[in-house]
Amino acid sequence: MDTMGRHVIAELWECNIDMLNDIERLERTFVNAALKAGAEVREVAFHKFAPFGVSGVVIISESHLTIHSFPEHGYASIDVYTCGDIIDPNVAVAYIEEHLEAKSTEKLEVPRGMGAVQMKNIKVQ
């Protein structure tokens, strides 16, 4: 194993506004993203804010997936952190991007447990 973990931080813009405010759909999307990446889901906690916005976390055996949605801006802040070298967090991020219908994204990957932080820009769409 080259790292203790991989942490992908993603900025998703121009997302489906209805999706960003639908707690059930977001929860389902994040659980399915974890499963698609091959992770083992342990716990799920999502909260809907008034008048809009959702924050949530899916705890996986390998670490976590989180979201903070801002429907009023068509924006979602997500991160996927996986420990070890078996689960690829980019698989989960791609699934989330597709299901939130993000038209613009920016992603960074941070290798964890390697000493000094070295960030890698994955791509900008």
# chains A, B, ... in the order shown; residues from 1 in each chain; ligands from 1
$ residues_around --residues "range 3-9 of chain A" --least-positions-apart "4" --cutoff "10 Å" --atoms "only C-alpha atoms" --output "ChimeraX atom specification"
/A:62-66,77-90,92-93,106-115,119-122
$ residues_around --residues "His99 in chain A" --least-positions-apart "6" --cutoff "10 Å" --atoms "only C-alpha atoms" --output "ChimeraX atom specification"
/A:15-16,19,25-26,29-30,33,93
$ write_last_selection --atoms "C-alpha atoms" --output "PDB file, in the first residue's frame"
ATOM      1  CA  CYS A  15     -26.568  20.285 -10.273  1.00  0.00           C
ATOM      2  CA  ASN A  16     -30.219  19.250 -10.402  1.00  0.00           C
ATOM      3  CA  MET A  19     -32.150  16.451  -6.290  1.00  0.00           C
ATOM      4  CA  ARG A  25     -32.760  10.627  -3.139  1.00  0.00           C
ATOM      5  CA  LEU A  26     -29.453  11.990  -1.829  1.00  0.00           C
ATOM      6  CA  THR A  29     -27.420   8.074  -4.194  1.00  0.00           C
ATOM      7  CA  PHE A  30     -24.656   8.154  -1.584  1.00  0.00           C
ATOM      8  CA  ALA A  33     -22.158   5.251  -4.695  1.00  0.00           C
ATOM      9  CA  VAL A  93     -17.473  10.432  -6.910  1.00  0.00           C
TER      10      VAL A  93
END
$ residues_around --residues "Glu14 in chain A" --least-positions-apart "3" --cutoff "6 Å" --atoms "only C-alpha atoms" --output "list in words"
Gly74, Ala102 and Lys103 of chain A
$ write_last_selection --atoms "N, CA, C and O atoms" --output "mmCIF file, in the first residue's frame"
data_model
loop_
_atom_site.group_PDB
_atom_site.id
_atom_site.type_symbol
_atom_site.label_atom_id
_atom_site.label_comp_id
_atom_site.auth_asym_id
_atom_site.auth_seq_id
_atom_site.Cartn_x
_atom_site.Cartn_y
_atom_site.Cartn_z
ATOM 1 N N GLY A 74 -27.340 25.615 -6.761
ATOM 2 C CA GLY A 74 -27.090 24.484 -7.651
ATOM 3 C C GLY A 74 -25.759 23.815 -7.363
ATOM 4 O O GLY A 74 -25.141 23.206 -8.234
ATOM 5 N N ALA A 102 -24.410 17.002 -12.330
ATOM 6 C CA ALA A 102 -23.493 18.143 -12.270
ATOM 7 C C ALA A 102 -22.973 18.465 -13.666
ATOM 8 O O ALA A 102 -22.502 17.590 -14.378
ATOM 9 N N LYS A 103 -23.064 19.718 -14.030
ATOM 10 C CA LYS A 103 -22.574 20.153 -15.343
ATOM 11 C C LYS A 103 -21.138 20.662 -15.272
ATOM 12 O O LYS A 103 -20.457 20.754 -16.282
#
$ residues_around --residues "Lys36 in chain A" --least-positions-apart "3" --cutoff "9 Å" --atoms "only C-alpha atoms" --output "PDB file with all heavy atoms, in the first residue's frame"
ATOM      1  N   VAL A  31     -25.466   6.039  -0.676  1.00  0.00           N
ATOM      2  CA  VAL A  31     -25.326   4.628  -0.310  1.00  0.00           C
ATOM      3  C   VAL A  31     -24.969   3.814  -1.558  1.00  0.00           C
ATOM      4  O   VAL A  31     -24.051   2.990  -1.529  1.00  0.00           O
ATOM      5  CB  VAL A  31     -26.611   4.093   0.359  1.00  0.00           C
ATOM      6  CG1 VAL A  31     -26.594   2.575   0.459  1.00  0.00           C
ATOM      7  CG2 VAL A  31     -26.778   4.724   1.742  1.00  0.00           C
ATOM      8  N   ASN A  32     -25.661   4.061  -2.663  1.00  0.00           N
ATOM      9  CA  ASN A  32     -25.370   3.337  -3.900  1.00  0.00           C
ATOM     10  C   ASN A  32     -23.978   3.647  -4.431  1.00  0.00           C
ATOM     11  O   ASN A  32     -23.314   2.768  -4.994  1.00  0.00           O
ATOM     12  CB  ASN A  32     -26.431   3.620  -4.957  1.00  0.00           C
ATOM     13  CG  ASN A  32     -27.754   2.955  -4.629  1.00  0.00           C
ATOM     14  OD1 ASN A  32     -27.819   2.004  -3.855  1.00  0.00           O
ATOM     15  ND2 ASN A  32     -28.834   3.464  -5.201  1.00  0.00           N
ATOM     16  N   ALA A  33     -23.511   4.887  -4.265  1.00  0.00           N
ATOM     17  CA  ALA A  33     -22.158   5.251  -4.695  1.00  0.00           C
ATOM     18  C   ALA A  33     -21.122   4.450  -3.907  1.00  0.00           C
ATOM     19  O   ALA A  33     -20.140   3.951  -4.476  1.00  0.00           O
ATOM     20  CB  ALA A  33     -21.925   6.747  -4.511  1.00  0.00           C
ATOM     21  N   ALA A  39     -17.448  -0.567  -1.403  1.00  0.00           N
ATOM     22  CA  ALA A  39     -17.312  -0.314   0.034  1.00  0.00           C
ATOM     23  C   ALA A  39     -18.407  -1.027   0.822  1.00  0.00           C
ATOM     24  O   ALA A  39     -19.451  -1.397   0.277  1.00  0.00           O
ATOM     25  CB  ALA A  39     -17.372   1.190   0.303  1.00  0.00           C
ATOM     26  N   VAL A  91     -14.536   6.235  -8.133  1.00  0.00           N
ATOM     27  CA  VAL A  91     -15.703   5.503  -8.629  1.00  0.00           C
ATOM     28  C   VAL A  91     -16.966   6.057  -7.968  1.00  0.00           C
ATOM     29  O   VAL A  91     -17.965   6.324  -8.634  1.00  0.00           O
ATOM     30  CB  VAL A  91     -15.554   3.984  -8.375  1.00  0.00           C
ATOM     31  CG1 VAL A  91     -16.847   3.238  -8.694  1.00  0.00           C
ATOM     32  CG2 VAL A  91     -14.385   3.420  -9.184  1.00  0.00           C
ATOM     33  N   ALA A  92     -16.910   6.255  -6.654  1.00  0.00           N
ATOM     34  CA  ALA A  92     -18.061   6.802  -5.925  1.00  0.00           C
ATOM     35  C   ALA A  92     -18.341   8.238  -6.356  1.00  0.00           C
ATOM     36  O   ALA A  92     -19.497   8.614  -6.568  1.00  0.00           O
ATOM     37  CB  ALA A  92     -17.815   6.734  -4.416  1.00  0.00           C
ATOM     38  N   TYR A  95     -20.095   8.363  -9.723  1.00  0.00           N
ATOM     39  CA  TYR A  95     -21.493   7.956  -9.583  1.00  0.00           C
ATOM     40  C   TYR A  95     -22.327   9.126  -9.048  1.00  0.00           C
ATOM     41  O   TYR A  95     -23.416   9.411  -9.550  1.00  0.00           O
ATOM     42  CB  TYR A  95     -21.579   6.752  -8.638  1.00  0.00           C
ATOM     43  CG  TYR A  95     -22.972   6.208  -8.480  1.00  0.00           C
ATOM     44  CD1 TYR A  95     -23.431   5.187  -9.314  1.00  0.00           C
ATOM     45  CD2 TYR A  95     -23.837   6.702  -7.511  1.00  0.00           C
ATOM     46  CE1 TYR A  95     -24.717   4.680  -9.175  1.00  0.00           C
ATOM     47  CE2 TYR A  95     -25.124   6.205  -7.362  1.00  0.00           C
ATOM     48  CZ  TYR A  95     -25.558   5.192  -8.203  1.00  0.00           C
ATOM     49  OH  TYR A  95     -26.835   4.703  -8.065  1.00  0.00           O
TER      50      TYR A  95
END
$ residues_around --residues "Asp22 in chain A" --least-positions-apart "5" --cutoff "10 Å" --atoms "only C-alpha atoms" --output "mmCIF file with all heavy atoms, in the first residue's frame"
data_model
loop_
_atom_site.group_PDB
_atom_site.id
_atom_site.type_symbol
_atom_site.label_atom_id
_atom_site.label_comp_id
_atom_site.auth_asym_id
_atom_site.auth_seq_id
_atom_site.Cartn_x
_atom_site.Cartn_y
_atom_site.Cartn_z
ATOM 1 N N ILE A 17 -31.349 20.922 -9.057
ATOM 2 C CA ILE A 17 -31.751 21.611 -7.831
ATOM 3 C C ILE A 17 -32.715 20.770 -6.998
ATOM 4 O O ILE A 17 -32.608 20.709 -5.773
ATOM 5 C CB ILE A 17 -32.359 22.991 -8.159
ATOM 6 C CG1 ILE A 17 -31.265 23.895 -8.724
ATOM 7 C CG2 ILE A 17 -33.011 23.619 -6.939
ATOM 8 C CD1 ILE A 17 -31.776 25.189 -9.325
ATOM 9 N N GLU A 27 -29.663 10.412 -0.011
ATOM 10 C CA GLU A 27 -29.227 9.280 0.813
ATOM 11 C C GLU A 27 -29.054 8.029 -0.045
ATOM 12 O O GLU A 27 -28.036 7.338 0.049
ATOM 13 C CB GLU A 27 -30.236 9.032 1.937
ATOM 14 C CG GLU A 27 -29.825 7.940 2.885
ATOM 15 C CD GLU A 27 -30.772 7.795 4.063
ATOM 16 O OE1 GLU A 27 -31.225 8.829 4.612
ATOM 17 O OE2 GLU A 27 -31.047 6.641 4.434
ATOM 18 N N LYS A 48 -32.080 17.302 6.705
ATOM 19 C CA LYS A 48 -32.607 18.322 5.794
ATOM 20 C C LYS A 48 -32.782 19.611 6.571
ATOM 21 O O LYS A 48 -33.338 19.626 7.661
ATOM 22 C CB LYS A 48 -33.947 17.885 5.210
ATOM 23 C CG LYS A 48 -34.531 18.923 4.246
ATOM 24 C CD LYS A 48 -35.325 18.267 3.176
ATOM 25 C CE LYS A 48 -35.920 19.162 2.144
ATOM 26 N NZ LYS A 48 -35.827 20.574 2.252
ATOM 27 N N PHE A 52 -33.992 25.005 2.784
ATOM 28 C CA PHE A 52 -33.442 24.065 1.813
ATOM 29 C C PHE A 52 -32.024 23.685 2.207
ATOM 30 O O PHE A 52 -31.381 24.338 3.010
ATOM 31 C CB PHE A 52 -33.457 24.627 0.386
ATOM 32 C CG PHE A 52 -33.247 26.100 0.287
ATOM 33 C CD1 PHE A 52 -32.028 26.683 0.582
ATOM 34 C CD2 PHE A 52 -34.301 26.928 -0.084
ATOM 35 C CE1 PHE A 52 -31.834 28.046 0.497
ATOM 36 C CE2 PHE A 52 -34.110 28.303 -0.165
ATOM 37 C CZ PHE A 52 -32.890 28.860 0.129
ATOM 38 N N GLY A 53 -31.555 22.586 1.581
ATOM 39 C CA GLY A 53 -30.206 22.078 1.827
ATOM 40 C C GLY A 53 -30.219 20.800 2.630
ATOM 41 O O GLY A 53 -31.106 20.569 3.450
ATOM 42 N N VAL A 54 -29.242 19.972 2.346
ATOM 43 C CA VAL A 54 -29.104 18.679 3.016
ATOM 44 C C VAL A 54 -27.624 18.467 3.338
ATOM 45 O O VAL A 54 -26.758 18.782 2.522
ATOM 46 C CB VAL A 54 -29.602 17.525 2.116
ATOM 47 C CG1 VAL A 54 -29.344 16.169 2.760
ATOM 48 C CG2 VAL A 54 -31.084 17.690 1.787
ATOM 49 N N SER A 69 -25.287 20.170 0.604
ATOM 50 C CA SER A 69 -25.906 20.687 -0.619
ATOM 51 C C SER A 69 -26.444 22.094 -0.406
ATOM 52 O O SER A 69 -26.898 22.443 0.689
ATOM 53 C CB SER A 69 -27.022 19.760 -1.109
ATOM 54 O OG SER A 69 -28.196 19.916 -0.350
ATOM 55 N N PRO A 71 -28.975 23.936 -2.667
ATOM 56 C CA PRO A 71 -29.849 23.971 -3.840
ATOM 57 C C PRO A 71 -30.028 25.373 -4.418
ATOM 58 O O PRO A 71 -30.145 25.533 -5.627
ATOM 59 C CB PRO A 71 -31.184 23.427 -3.320
ATOM 60 C CG PRO A 71 -30.853 22.681 -2.085
ATOM 61 C CD PRO A 71 -29.629 23.334 -1.512
#
$ atom_distance --atom1 "CA of Glu101 in chain A" --atom2 "CA of Ala76 in chain A"
10.9 Å
$ select_by_dssp --residues "range 25-115 of chain A" --states "alpha helix (DSSP H)" --output "ChimeraX atom specification"
/A:25-36,89-100
$ select_by_dssp --residues "chain A" --states "strand (DSSP E)" --output "ChimeraX atom specification"
/A:5-13,41-48,54-60,63-70,75-83,104-112,120-124
$ atom_distance --atom1 "CA of Val57 in chain A" --atom2 "CA of Ala116 in chain A"
26.6 Å
$ atom_distance --atom1 "CA of Ala94 in chain A" --atom2 "CA of Leu12 in chain A"
10.8 Å
$ residues_around --residues "Glu40 in chain A" --least-positions-apart "4" --cutoff "7 Å" --atoms "only C-alpha atoms" --output "PyMOL selection string"
chain A and resi 35+60-61
